[in-house]
file run_26.cif (mmCIF, C-alpha atoms and all ligand atoms)
data_input
#
loop_
_atom_site.group_PDB
_atom_site.id
_atom_site.type_symbol
_atom_site.label_atom_id
_atom_site.label_comp_id
_atom_site.auth_asym_id
_atom_site.auth_seq_id
_atom_site.Cartn_x
_atom_site.Cartn_y
_atom_site.Cartn_z
ATOM 1 C CA MET T 1 70.134 118.112 98.594
ATOM 2 C CA ILE T 2 68.687 115.719 101.183
ATOM 3 C CA VAL T 3 68.014 111.991 101.087
ATOM 4 C CA GLU T 4 64.754 110.382 102.116
ATOM 5 C CA TYR T 5 64.814 106.701 102.978
ATOM 6 C CA ILE T 6 61.597 104.706 103.113
ATOM 7 C CA ARG T 7 61.866 101.124 104.342
ATOM 8 C CA TYR T 8 59.105 98.672 103.507
ATOM 9 C CA ALA T 9 58.353 95.096 104.578
ATOM 10 C CA ILE T 10 56.399 93.495 101.716
ATOM 11 C CA PRO T 11 55.294 89.835 101.842
ATOM 12 C CA ALA T 12 56.381 87.671 98.905
ATOM 13 C CA GLU T 13 52.906 87.402 97.378
ATOM 14 C CA GLN T 14 52.582 91.215 97.125
ATOM 15 C CA GLN T 15 56.029 92.002 95.781
ATOM 16 C CA ALA T 16 55.234 91.882 92.054
ATOM 17 C CA ASP T 17 52.295 94.280 92.509
ATOM 18 C CA PHE T 18 54.362 96.497 94.794
ATOM 19 C CA GLU T 19 57.197 96.803 92.266
ATOM 20 C CA ALA T 20 54.734 97.419 89.426
ATOM 21 C CA ALA T 21 52.969 100.132 91.462
ATOM 22 C CA TYR T 22 56.281 101.870 92.102
ATOM 23 C CA ALA T 23 57.261 101.590 88.447
ATOM 24 C CA ARG T 24 54.076 103.544 87.636
ATOM 25 C CA ALA T 25 54.473 105.970 90.571
ATOM 26 C CA ALA T 26 58.016 106.762 89.433
ATOM 27 C CA ALA T 27 56.587 108.733 86.495
ATOM 28 C CA SER T 28 55.503 111.357 89.041
ATOM 29 C CA LEU T 29 59.009 111.474 90.537
ATOM 30 C CA ARG T 30 60.561 111.919 87.096
ATOM 31 C CA ALA T 31 58.210 114.834 86.442
ATOM 32 C CA ALA T 32 58.688 116.513 89.844
ATOM 33 C CA PRO T 33 61.214 119.374 89.851
ATOM 34 C CA GLU T 34 61.805 118.756 93.579
ATOM 35 C CA CYS T 35 63.132 115.209 92.946
ATOM 36 C CA ALA T 36 66.792 114.783 91.963
ATOM 37 C CA ASP T 37 66.791 110.987 91.657
ATOM 38 C CA TYR T 38 65.330 107.831 93.179
ATOM 39 C CA GLU T 39 66.003 104.106 93.486
ATOM 40 C CA LEU T 40 63.997 101.202 94.860
ATOM 41 C CA THR T 41 66.115 98.261 96.034
ATOM 42 C CA ARG T 42 65.253 94.870 97.530
ATOM 43 C CA CYS T 43 67.292 93.252 100.282
ATOM 44 C CA GLN T 44 69.365 90.192 99.303
ATOM 45 C CA GLU T 45 69.379 88.682 102.801
ATOM 46 C CA ASP T 46 65.717 89.391 103.610
ATOM 47 C CA SER T 47 63.684 89.483 100.416
ATOM 48 C CA ALA T 48 60.687 91.102 102.137
ATOM 49 C CA SER T 49 62.715 94.262 102.851
ATOM 50 C CA TYR T 50 62.779 97.112 100.352
ATOM 51 C CA ILE T 51 64.421 100.510 100.633
ATOM 52 C CA LEU T 52 63.335 103.433 98.498
ATOM 53 C CA ARG T 53 65.934 106.195 98.337
ATOM 54 C CA ILE T 54 64.822 109.567 97.015
ATOM 55 C CA ARG T 55 67.062 112.604 96.789
ATOM 56 C CA TRP T 56 65.045 115.804 97.130
ATOM 57 C CA THR T 57 66.293 119.324 96.513
ATOM 58 C CA SER T 58 65.373 120.088 100.179
ATOM 59 C CA THR T 59 63.009 118.835 102.872
ATOM 60 C CA PRO T 60 60.596 121.799 102.438
ATOM 61 C CA ASP T 61 60.684 121.209 98.670
ATOM 62 C CA HIS T 62 59.558 117.643 99.362
ATOM 63 C CA LEU T 63 56.976 118.378 102.054
ATOM 64 C CA GLU T 64 55.598 121.682 100.746
ATOM 65 C CA GLY T 65 56.455 121.518 97.056
ATOM 66 C CA PHE T 66 55.983 117.897 96.014
ATOM 67 C CA ARG T 67 53.367 116.822 98.571
ATOM 68 C CA LYS T 68 51.170 119.847 97.813
ATOM 69 C CA GLY T 69 52.008 119.949 94.127
ATOM 70 C CA GLU T 70 50.459 118.619 90.942
ATOM 71 C CA HIS T 71 52.379 115.316 90.802
ATOM 72 C CA PHE T 72 51.571 114.015 94.278
ATOM 73 C CA PRO T 73 47.987 112.776 93.730
ATOM 74 C CA ALA T 74 48.998 110.338 90.963
ATOM 75 C CA PHE T 75 52.053 109.221 92.968
ATOM 76 C CA PHE T 76 50.112 108.608 96.152
ATOM 77 C CA ALA T 77 47.275 106.794 94.381
ATOM 78 C CA GLU T 78 49.768 104.130 93.275
ATOM 79 C CA ILE T 79 51.581 103.582 96.573
ATOM 80 C CA LYS T 80 48.736 104.109 99.051
ATOM 81 C CA PRO T 81 47.973 100.356 99.360
ATOM 82 C CA TYR T 82 51.485 99.855 100.785
ATOM 83 C CA PHE T 83 51.467 102.733 103.270
ATOM 84 C CA HIS T 84 50.851 100.402 106.214
ATOM 85 C CA ALA T 85 53.981 98.406 105.255
ATOM 86 C CA ILE T 86 56.320 101.379 105.854
ATOM 87 C CA GLN T 87 58.809 100.741 108.662
ATOM 88 C CA GLU T 88 60.815 103.961 108.388
ATOM 89 C CA MET T 89 60.288 107.164 106.422
ATOM 90 C CA ARG T 90 62.810 109.873 107.307
ATOM 91 C CA HIS T 91 64.958 112.600 105.780
ATOM 92 C CA TYR T 92 68.752 112.480 106.106
ATOM 93 C CA ASP T 93 71.166 115.396 105.720
ATOM 94 C CA THR T 94 74.321 114.913 103.670
ATOM 95 C CA VAL T 95 76.299 116.830 106.313
ATOM 96 C CA THR T 96 79.263 114.486 106.634
ATOM 97 C CA GLU T 97 82.353 114.592 104.452
ATOM 98 C CA VAL T 98 82.185 110.822 104.098
ATOM 99 C CA THR T 99 81.298 110.518 100.464
ATOM 100 C CA GLY T 100 83.150 109.431 97.363
ATOM 101 C CA THR T 101 83.622 106.698 94.836
ATOM 102 C CA GLY T 102 85.242 103.329 95.447
ATOM 103 C CA GLY T 103 88.019 101.547 93.683
ATOM 104 C CA ALA T 104 85.858 99.875 91.032
ATOM 105 C CA ASN T 105 87.096 102.416 88.495
ATOM 106 C CA PRO T 106 90.485 104.149 88.502
ATOM 107 C CA THR T 107 90.395 107.906 89.031
ATOM 108 C CA LEU T 108 90.668 110.101 85.950
ATOM 109 C CA TYR T 109 94.003 111.181 87.434
ATOM 110 C CA ALA T 110 95.332 107.611 87.492
ATOM 111 C CA TRP T 111 93.915 106.864 84.037
ATOM 112 C CA ALA T 112 95.593 109.977 82.612
ATOM 113 C CA GLY T 113 98.944 108.776 83.939
ATOM 114 C CA GLY T 114 99.186 110.678 87.227
ATOM 115 C CA ALA T 115 101.285 113.725 88.094
ATOM 116 C CA GLU T 116 104.020 112.934 85.606
ATOM 117 C CA ALA T 117 101.614 112.825 82.631
ATOM 118 C CA LEU T 118 99.794 116.012 83.638
ATOM 119 C CA ASP T 119 103.078 117.883 84.178
ATOM 120 C CA ARG T 120 104.212 116.718 80.744
ATOM 121 C CA LEU T 121 100.924 117.865 79.218
ATOM 122 C CA PHE T 122 100.920 121.365 80.689
ATOM 123 C CA THR T 123 104.653 121.967 80.295
ATOM 124 C CA ARG T 124 104.357 121.259 76.574
ATOM 125 C CA PHE T 125 101.062 123.165 76.342
ATOM 126 C CA TYR T 126 102.520 126.395 77.724
ATOM 127 C CA GLU T 127 105.524 126.018 75.402
ATOM 128 C CA HIS T 128 103.015 126.063 72.534
ATOM 129 C CA VAL T 129 101.125 128.961 74.155
ATOM 130 C CA ALA T 130 104.281 131.082 74.001
ATOM 131 C CA ASP T 131 104.309 130.646 70.202
ATOM 132 C CA ASP T 132 100.567 131.095 69.684
ATOM 133 C CA GLU T 133 99.484 134.450 68.292
ATOM 134 C CA VAL T 134 96.106 134.352 70.093
ATOM 135 C CA LEU T 135 97.268 133.098 73.502
ATOM 136 C CA ALA T 136 100.816 134.396 73.889
ATOM 137 C CA PRO T 137 99.727 137.947 74.864
ATOM 138 C CA VAL T 138 97.318 136.571 77.493
ATOM 139 C CA PHE T 139 100.068 134.639 79.257
ATOM 140 C CA ALA T 140 102.921 137.096 78.645
ATOM 141 C CA GLY T 141 103.448 137.824 82.348
ATOM 142 C CA MET T 142 102.644 134.413 83.737
ATOM 143 C CA ASP T 143 104.194 132.900 86.832
ATOM 144 C CA PRO T 144 107.160 130.674 85.814
ATOM 145 C CA HIS T 145 105.513 127.754 87.667
ATOM 146 C CA HIS T 146 102.117 128.288 86.045
ATOM 147 C CA ALA T 147 102.183 124.997 84.095
ATOM 148 C CA GLN T 148 102.881 123.000 87.284
ATOM 149 C CA HIS T 149 100.132 124.866 89.156
ATOM 150 C CA VAL T 150 97.544 124.112 86.477
ATOM 151 C CA ALA T 151 98.708 120.472 86.382
ATOM 152 C CA ALA T 152 98.254 120.296 90.175
ATOM 153 C CA TRP T 153 94.795 121.841 89.840
ATOM 154 C CA ILE T 154 93.590 119.381 87.208
ATOM 155 C CA GLY T 155 95.245 116.489 89.042
ATOM 156 C CA GLU T 156 93.248 117.244 92.170
ATOM 157 C CA VAL T 157 89.996 117.841 90.262
ATOM 158 C CA PHE T 158 90.539 114.482 88.541
ATOM 159 C CA GLY T 159 90.850 112.606 91.841
ATOM 160 C CA GLY T 160 94.575 112.937 92.524
ATOM 161 C CA PRO T 161 96.278 114.231 95.685
ATOM 162 C CA ALA T 162 95.040 117.484 97.242
ATOM 163 C CA VAL T 163 98.111 119.467 96.179
ATOM 164 C CA TYR T 164 96.384 122.557 94.793
ATOM 165 C CA SER T 165 94.035 123.045 97.724
ATOM 166 C CA THR T 166 96.741 122.533 100.347
ATOM 167 C CA GLU T 167 99.700 124.275 98.654
ATOM 168 C CA HIS T 168 98.339 126.742 96.092
ATOM 169 C CA GLY T 169 95.295 128.413 97.620
ATOM 170 C CA GLY T 170 92.482 126.160 96.408
ATOM 171 C CA HIS T 171 89.365 126.991 94.443
ATOM 172 C CA ARG T 172 89.126 130.636 95.556
ATOM 173 C CA HIS T 173 92.696 131.396 94.512
ATOM 174 C CA MET T 174 92.318 129.705 91.129
ATOM 175 C CA ALA T 175 89.155 131.684 90.327
ATOM 176 C CA SER T 176 90.773 134.936 91.539
ATOM 177 C CA ARG T 177 93.642 134.517 89.041
ATOM 178 C CA HIS T 178 91.152 135.019 86.203
ATOM 179 C CA LEU T 179 89.506 138.199 87.579
ATOM 180 C CA GLY T 180 89.652 141.273 85.369
ATOM 181 C CA ARG T 181 91.399 139.522 82.464
ATOM 182 C CA HIS T 182 88.479 140.042 80.051
ATOM 183 C CA LEU T 183 89.207 136.821 78.198
ATOM 184 C CA THR T 184 87.468 136.371 74.859
ATOM 185 C CA GLU T 185 85.645 133.442 73.298
ATOM 186 C CA THR T 186 88.346 133.265 70.625
ATOM 187 C CA GLN T 187 91.023 132.871 73.324
ATOM 188 C CA ARG T 188 88.949 130.277 75.164
ATOM 189 C CA ARG T 189 88.470 128.165 72.059
ATOM 190 C CA ARG T 190 92.141 128.337 71.184
ATOM 191 C CA TRP T 191 93.059 127.318 74.773
ATOM 192 C CA VAL T 192 90.803 124.252 74.512
ATOM 193 C CA SER T 193 91.864 123.148 71.017
ATOM 194 C CA LEU T 194 95.562 123.715 71.689
ATOM 195 C CA LEU T 195 95.325 121.669 74.890
ATOM 196 C CA GLN T 196 93.535 118.850 73.074
ATOM 197 C CA ASP T 197 96.194 118.871 70.343
ATOM 198 C CA THR T 198 98.881 118.795 73.031
ATOM 199 C CA ALA T 199 97.138 115.868 74.743
ATOM 200 C CA ASP T 200 97.515 113.943 71.457
ATOM 201 C CA GLU T 201 101.116 115.015 71.118
ATOM 202 C CA VAL T 202 102.199 113.909 74.614
ATOM 203 C CA GLY T 203 100.225 110.667 74.412
ATOM 204 C CA LEU T 204 97.462 111.154 76.958
ATOM 205 C CA PRO T 205 95.016 108.214 76.770
ATOM 206 C CA ASN T 206 92.832 108.706 73.707
ATOM 207 C CA ASP T 207 89.977 106.323 74.482
ATOM 208 C CA PRO T 208 86.543 107.872 73.875
ATOM 209 C CA GLU T 209 85.560 107.600 77.554
ATOM 210 C CA PHE T 210 88.552 109.497 78.928
ATOM 211 C CA ARG T 211 88.635 112.074 76.141
ATOM 212 C CA GLY T 212 84.883 112.605 76.440
ATOM 213 C CA VAL T 213 85.144 113.464 80.137
ATOM 214 C CA PHE T 214 88.347 115.449 79.558
ATOM 215 C CA SER T 215 86.583 117.606 76.938
ATOM 216 C CA TYR T 216 83.567 118.012 79.205
ATOM 217 C CA TYR T 217 85.821 119.358 81.941
ATOM 218 C CA LEU T 218 87.717 121.687 79.580
ATOM 219 C CA GLU T 219 84.495 123.062 78.162
ATOM 220 C CA TRP T 220 83.051 123.726 81.616
ATOM 221 C CA GLY T 221 86.287 125.008 83.134
ATOM 222 C CA THR T 222 87.098 127.445 80.340
ATOM 223 C CA ARG T 223 83.573 128.840 80.309
ATOM 224 C CA MET T 224 83.844 129.366 84.088
ATOM 225 C CA ALA T 225 87.203 131.104 83.533
ATOM 226 C CA LEU T 226 85.503 133.526 81.118
ATOM 227 C CA ILE T 227 82.735 134.239 83.622
ATOM 228 C CA TYR T 228 85.287 135.095 86.336
ATOM 229 C CA ALA T 229 87.318 137.126 83.843
ATOM 230 C CA GLY T 230 84.264 139.134 82.727
ATOM 231 C CA ASP T 231 82.657 142.401 83.756
ATOM 232 C CA ASN T 232 80.377 141.026 86.478
ATOM 233 C CA PRO T 233 82.181 138.085 88.104
ATOM 234 C CA PRO T 234 80.282 136.122 90.744
ATOM 235 C CA PRO T 235 81.609 136.120 94.328
ATOM 236 C CA LEU T 236 84.813 134.096 94.612
ATOM 237 C CA PRO T 237 84.001 130.485 95.497
ATOM 238 C CA GLU T 238 84.523 129.466 99.118
ATOM 239 C CA THR T 239 83.608 125.932 98.161
ATOM 240 C CA PRO T 240 86.033 122.991 97.946
ATOM 241 C CA MET T 241 87.634 122.033 94.641
ATOM 242 C CA PRO T 242 85.323 120.706 91.941
ATOM 243 C CA LYS T 243 85.565 116.918 91.629
ATOM 244 C CA TRP T 244 85.277 115.232 88.273
ATOM 245 C CA ASP T 245 84.681 111.568 87.580
ATOM 246 C CA TRP T 246 83.639 109.280 84.745
ATOM 247 C CA GLY T 247 79.946 110.121 84.899
ATOM 248 C CA ILE T 248 77.963 108.068 82.421
ATOM 249 C CA THR T 249 81.020 106.847 80.482
ATOM 250 C CA PRO T 250 83.105 104.629 82.799
ATOM 251 C CA PRO T 251 86.355 103.320 81.340
ATOM 252 C CA TYR T 252 85.838 100.585 78.758
ATOM 253 C CA ARG T 253 87.288 97.194 79.594
ATOM 254 C CA ALA T 254 87.009 94.381 77.086
HETATM 255 C C1 LIG T 301 89.696 124.334 82.377
HETATM 256 C C2 LIG T 301 90.089 125.586 82.205
HETATM 257 C C3 LIG T 301 91.107 126.299 83.039
HETATM 258 C C4 LIG T 301 91.793 125.869 84.130
HETATM 259 C C5 LIG T 301 91.708 124.529 84.825
HETATM 260 C C6 LIG T 301 92.653 126.949 84.542
HETATM 261 C C7 LIG T 301 93.473 126.892 85.640
HETATM 262 C C8 LIG T 301 94.168 127.969 86.123
HETATM 263 C C9 LIG T 301 94.866 127.985 87.378
HETATM 264 C C10 LIG T 301 94.946 126.814 88.350
HETATM 265 C C11 LIG T 301 95.397 129.207 87.512
HETATM 266 C C12 LIG T 301 96.171 129.733 88.723
HETATM 267 C C13 LIG T 301 97.583 129.212 88.695
HETATM 268 C C14 LIG T 301 98.301 129.484 90.001
HETATM 269 O O1 LIG T 301 97.822 129.062 91.055
HETATM 270 O O2 LIG T 301 99.360 130.120 89.956
HETATM 271 C C15 LIG T 301 95.090 129.963 86.337
HETATM 272 C C16 LIG T 301 95.515 131.246 86.073
HETATM 273 C C17 LIG T 301 95.378 131.854 84.847
HETATM 274 N N1 LIG T 301 94.577 131.418 83.815
HETATM 275 FE FE1 LIG T 301 93.475 129.770 83.770
HETATM 276 N N2 LIG T 301 92.490 128.001 83.700
HETATM 277 C C18 LIG T 301 91.566 127.650 82.750
HETATM 278 C C19 LIG T 301 91.151 128.413 81.674
HETATM 279 C C20 LIG T 301 91.816 129.538 81.251
HETATM 280 C C21 LIG T 301 91.631 130.168 79.963
HETATM 281 C C22 LIG T 301 90.656 129.671 78.882
HETATM 282 C C23 LIG T 301 92.482 131.225 79.928
HETATM 283 C C24 LIG T 301 92.743 132.180 78.822
HETATM 284 C C25 LIG T 301 92.488 131.962 77.545
HETATM 285 C C26 LIG T 301 93.162 131.275 81.199
HETATM 286 C C27 LIG T 301 94.076 132.232 81.568
HETATM 287 C C28 LIG T 301 94.719 132.285 82.775
HETATM 288 C C29 LIG T 301 95.673 133.318 83.137
HETATM 289 C C30 LIG T 301 96.141 134.453 82.241
HETATM 290 C C31 LIG T 301 96.092 133.023 84.449
HETATM 291 C C32 LIG T 301 97.112 133.768 85.273
HETATM 292 C C33 LIG T 301 98.493 133.193 84.959
HETATM 293 C C34 LIG T 301 99.606 133.787 85.804
HETATM 294 O O3 LIG T 301 99.696 134.997 85.887
HETATM 295 O O4 LIG T 301 100.386 133.019 86.387
HETATM 296 N N3 LIG T 301 92.731 130.246 81.969
HETATM 297 N N4 LIG T 301 94.335 129.182 85.509
#

call {"tool": "encode", "arguments": {"input": "run_26.cif", "output": "structure tokens"}}
result
Amino acid sequence: MIVEYIRYAIPAEQQADFEAAYARAAASLRAAPECADYELTRCQEDSASYILRIRWTSTPDHLEGFRKGEHFPAFFAEIKPYFHAIQEMRHYDTVTEVTGTGGANPTLYAWAGGAEALDRLFTRFYEHVADDEVLAPVFAGMDPHHAQHVAAWIGEVFGGPAVYSTEHGGHRHMASRHLGRHLTETQRRRWVSLLQDTADEVGLPNDPEFRGVFSYYLEWGTRMALIYAGDNPPPLPETPMPKWDWGITPPYRA
């Protein structure tokens, strides 16, 4: 993914037409498979300055795919009158590690109740697993610290301290622990529903926003576990830990 920034200087009397032209041109961006997202903003301190930010799947996808593709003619027809007003139009690589979310919303980890709440959740969960006819055989030989390891994993994925990646082998190790286990859909579903029941039991926050994201993660994570446990697992991930956040349902505050 790369980011293109286009800076414009648009005199006050042209701004309404400029914004309307971009509102129409945006239909081409929405239709273009090379475009991830876009945003046109106007400067507060200098109202003539606009910045258009477009995330493209890659620079060649933008220059070869979009510019030579079916959506470009309609896009360019709308914005051509403002071409002379461009002050910068360049592609930027997201090569730095400096990215993240600010403190406007608590992390999922903090909202859940931190390490103590996640330890409580998984300790109780694996107590139930031991008595569950579907799951008990799967976890019969598990590491005695398994519950704490999974709590550390989820804690880090949910924005907590980097305990799993620094002390327990990170993403690659987690995926490797599922290899060759040939987990079934029945086991996966039981794992998810038993964990959700346990979340109720130990009093994890039950607001729709948190539980929605929690379920989203469990659904994705368990389906990934089945893929790694299956006959043709993908190469083990060398990538950093997945990071989860609130997405389109930030925490509700009255
Ligand atoms: C969101 C979903 C899941 C997460 C976050 C998760 C997390 C983990 C982690 C972090 C480990 C490695 C623990 C360590 O470092 O010692 C692990 C191992 C394991 N997982 Fe999962 N897992 C998920 C889904 C599942 C499912 C659905 C099953 C089976 C129904 C499963 C079965 C196992 C087993 C059997 C091990 C090895 C346990 C041991 O020998 O200690 N996992 N899992």

call {"tool": "atom_distance", "arguments": {"input": "run_26.cif", "atom1": "atom C1 of ligand LIG 301 (chain T)", "atom2": "atom CA of Thr222 of chain T"}}
result
4.5 Å

call {"tool": "residues_near_ligand", "arguments": {"input": "run_26.cif", "ligand": "ligand LIG 301 (chain T)", "cutoff": "9 Å", "atoms": "all atoms listed in the file", "output": "CSV table (one decimal) with C-alpha atoms, in the frame of the given file"}}
result
chain,number,residue,atom,x,y,z
T,134,VAL,CA,96.1,134.4,70.1
T,135,LEU,CA,97.3,133.1,73.5
T,137,PRO,CA,99.7,137.9,74.9
T,138,VAL,CA,97.3,136.6,77.5
T,139,PHE,CA,100.1,134.6,79.3
T,140,ALA,CA,102.9,137.1,78.6
T,141,GLY,CA,103.4,137.8,82.3
T,142,MET,CA,102.6,134.4,83.7
T,143,ASP,CA,104.2,132.9,86.8
T,144,PRO,CA,107.2,130.7,85.8
T,145,HIS,CA,105.5,127.8,87.7
T,146,HIS,CA,102.1,128.3,86.0
T,147,ALA,CA,102.2,125.0,84.1
T,148,GLN,CA,102.9,123.0,87.3
T,149,HIS,CA,100.1,124.9,89.2
T,150,VAL,CA,97.5,124.1,86.5
T,151,ALA,CA,98.7,120.5,86.4
T,152,ALA,CA,98.3,120.3,90.2
T,153,TRP,CA,94.8,121.8,89.8
T,154,ILE,CA,93.6,119.4,87.2
T,157,VAL,CA,90.0,117.8,90.3
T,164,TYR,CA,96.4,122.6,94.8
T,168,HIS,CA,98.3,126.7,96.1
T,169,GLY,CA,95.3,128.4,97.6
T,170,GLY,CA,92.5,126.2,96.4
T,171,HIS,CA,89.4,127.0,94.4
T,173,HIS,CA,92.7,131.4,94.5
T,174,MET,CA,92.3,129.7,91.1
T,175,ALA,CA,89.2,131.7,90.3
T,176,SER,CA,90.8,134.9,91.5
T,177,ARG,CA,93.6,134.5,89.0
T,178,HIS,CA,91.2,135.0,86.2
T,179,LEU,CA,89.5,138.2,87.6
T,181,ARG,CA,91.4,139.5,82.5
T,183,LEU,CA,89.2,136.8,78.2
T,184,THR,CA,87.5,136.4,74.9
T,185,GLU,CA,85.6,133.4,73.3
T,186,THR,CA,88.3,133.3,70.6
T,187,GLN,CA,91.0,132.9,73.3
T,188,ARG,CA,88.9,130.3,75.2
T,189,ARG,CA,88.5,128.2,72.1
T,190,ARG,CA,92.1,128.3,71.2
T,191,TRP,CA,93.1,127.3,74.8
T,192,VAL,CA,90.8,124.3,74.5
T,217,TYR,CA,85.8,119.4,81.9
T,218,LEU,CA,87.7,121.7,79.6
T,219,GLU,CA,84.5,123.1,78.2
T,220,TRP,CA,83.1,123.7,81.6
T,221,GLY,CA,86.3,125.0,83.1
T,222,THR,CA,87.1,127.4,80.3
T,223,ARG,CA,83.6,128.8,80.3
T,224,MET,CA,83.8,129.4,84.1
T,225,ALA,CA,87.2,131.1,83.5
T,226,LEU,CA,85.5,133.5,81.1
T,229,ALA,CA,87.3,137.1,83.8

call {"tool": "residues_around", "arguments": {"input": "run_26.cif", "residues": "segment 75-84 of chain T", "least_positions_apart": "2", "cutoff": "7 Å", "atoms": "all atoms listed in the file", "output": "PyMOL selection string"}}
result
chain T and resi 21-22+25+28+71-73+86

call {"tool": "resolve_selection", "arguments": {"input": "run_26.cif", "expression": "the PyMOL selection byres (((chain T and resi 97-106) around 12) and not hetatm)", "output": "list in words"}}
result
Asp93, Thr94, Val95, Thr96, Thr107, Leu108, Tyr109, Ala110, Trp111, Ala112, Gly113, Gly114, Phe158, Gly159, Gly160, Phe210, Pro240, Lys243, Trp244, Asp245, Trp246, Gly247, Thr249, Pro250, Pro251, Tyr252 and Arg253 of chain T

call {"tool": "axis_aligned_box", "arguments": {"input": "run_26.cif", "around": "segment 51-69 of chain T", "padding_each_side": "4 Å", "output": "AutoDock Vina command-line options"}}
result
--center_x 59.1 --center_y 111.2 --center_z 98.5 --size_x 23.9 --size_y 29.3 --size_z 16.7

call {"tool": "closest_residue", "arguments": {"input": "run_26.cif", "among": "T:Leu63, T:Ala9, T:Arg211, T:Ala74", "to": "Arg24 of chain T", "atoms": "only C-alpha atoms"}}
result
T:Ala74

call {"tool": "atom_distance", "arguments": {"input": "run_26.cif", "atom1": "atom CA of Gly212 of chain T", "atom2": "atom CA of Trp56 of chain T"}}
result
28.8 Å

call {"tool": "atom_distance", "arguments": {"input": "run_26.cif", "atom1": "atom CA of Tyr228 of chain T", "atom2": "atom CA of Leu118 of chain T"}}
result
24.1 Å

call {"tool": "residues_around", "arguments": {"input": "run_26.cif", "residues": "Ser49 of chain T", "least_positions_apart": "3", "cutoff": "8 Å", "atoms": "all atoms listed in the file", "output": "list in words"}}
result
Arg7, Tyr8, Ala9, Ile10, Arg42, Cys43 and Asp46 of chain T

call {"tool": "resolve_selection", "arguments": {"input": "run_26.cif", "expression": "the PyMOL selection byres (((chain T and resi 120-126) around 9) and not hetatm)", "output": "PyMOL selection string"}}
result
chain T and resi 115-119+127-131+139+146-148+150-151+194-195+197-199+201-204

call {"tool": "residues_around", "arguments": {"input": "run_26.cif", "residues": "Met1 of chain T", "least_positions_apart": "2", "cutoff": "7 Å", "atoms": "only C-alpha atoms", "output": "number ranges by chain"}}
result
T: 3, 55-58

call {"tool": "resolve_selection", "arguments": {"input": "run_26.cif", "expression": "the PyMOL selection byres (((chain T and resi 235-238) around 6) and not hetatm)", "output": "JSON, numbers by chain"}}
result
{"T": [172, 234, 239]}

call {"tool": "build_atoms", "arguments": {"input": "run_26.cif", "residues": "segment 231-243 of chain T", "atoms": "N, CA and C atoms", "output": "tab-separated table (two decimals), in the coordinates of the input"}}
result
chain	number	residue	atom	x	y	z
T	231	ASP	N	82.99	141.12	83.11
T	231	ASP	CA	82.66	142.40	83.76
T	231	ASP	C	81.96	142.24	85.10
T	232	ASN	N	81.13	141.20	85.23
T	232	ASN	CA	80.38	141.03	86.48
T	232	ASN	C	80.65	139.66	87.07
T	233	PRO	N	81.87	139.43	87.59
T	233	PRO	CA	82.18	138.08	88.10
T	233	PRO	C	81.34	137.77	89.34
T	234	PRO	N	81.00	136.51	89.52
T	234	PRO	CA	80.28	136.12	90.74
T	234	PRO	C	81.24	136.21	91.93
T	235	PRO	N	80.71	136.13	93.16
T	235	PRO	CA	81.61	136.12	94.33
T	235	PRO	C	82.60	134.97	94.20
T	236	LEU	N	83.81	135.17	94.71
T	236	LEU	CA	84.81	134.10	94.61
T	236	LEU	C	84.33	132.88	95.38
T	237	PRO	N	84.54	131.69	94.83
T	237	PRO	CA	84.00	130.49	95.50
T	237	PRO	C	84.73	130.17	96.80
T	238	GLU	N	83.95	129.91	97.84
T	238	GLU	CA	84.52	129.47	99.12
T	238	GLU	C	84.40	127.95	99.22
T	239	THR	N	83.89	127.37	98.16
T	239	THR	CA	83.61	125.93	98.16
T	239	THR	C	84.88	125.13	97.89
T	240	PRO	N	84.87	123.84	98.26
T	240	PRO	CA	86.03	122.99	97.95
T	240	PRO	C	86.24	122.89	96.43
T	241	MET	N	87.32	122.24	96.05
T	241	MET	CA	87.63	122.03	94.64
T	241	MET	C	86.50	121.26	93.95
T	242	PRO	N	86.23	121.58	92.70
T	242	PRO	CA	85.32	120.71	91.94
T	242	PRO	C	85.94	119.31	91.85
T	243	LYS	N	85.09	118.31	91.77
T	243	LYS	CA	85.56	116.92	91.63
T	243	LYS	C	84.95	116.32	90.38
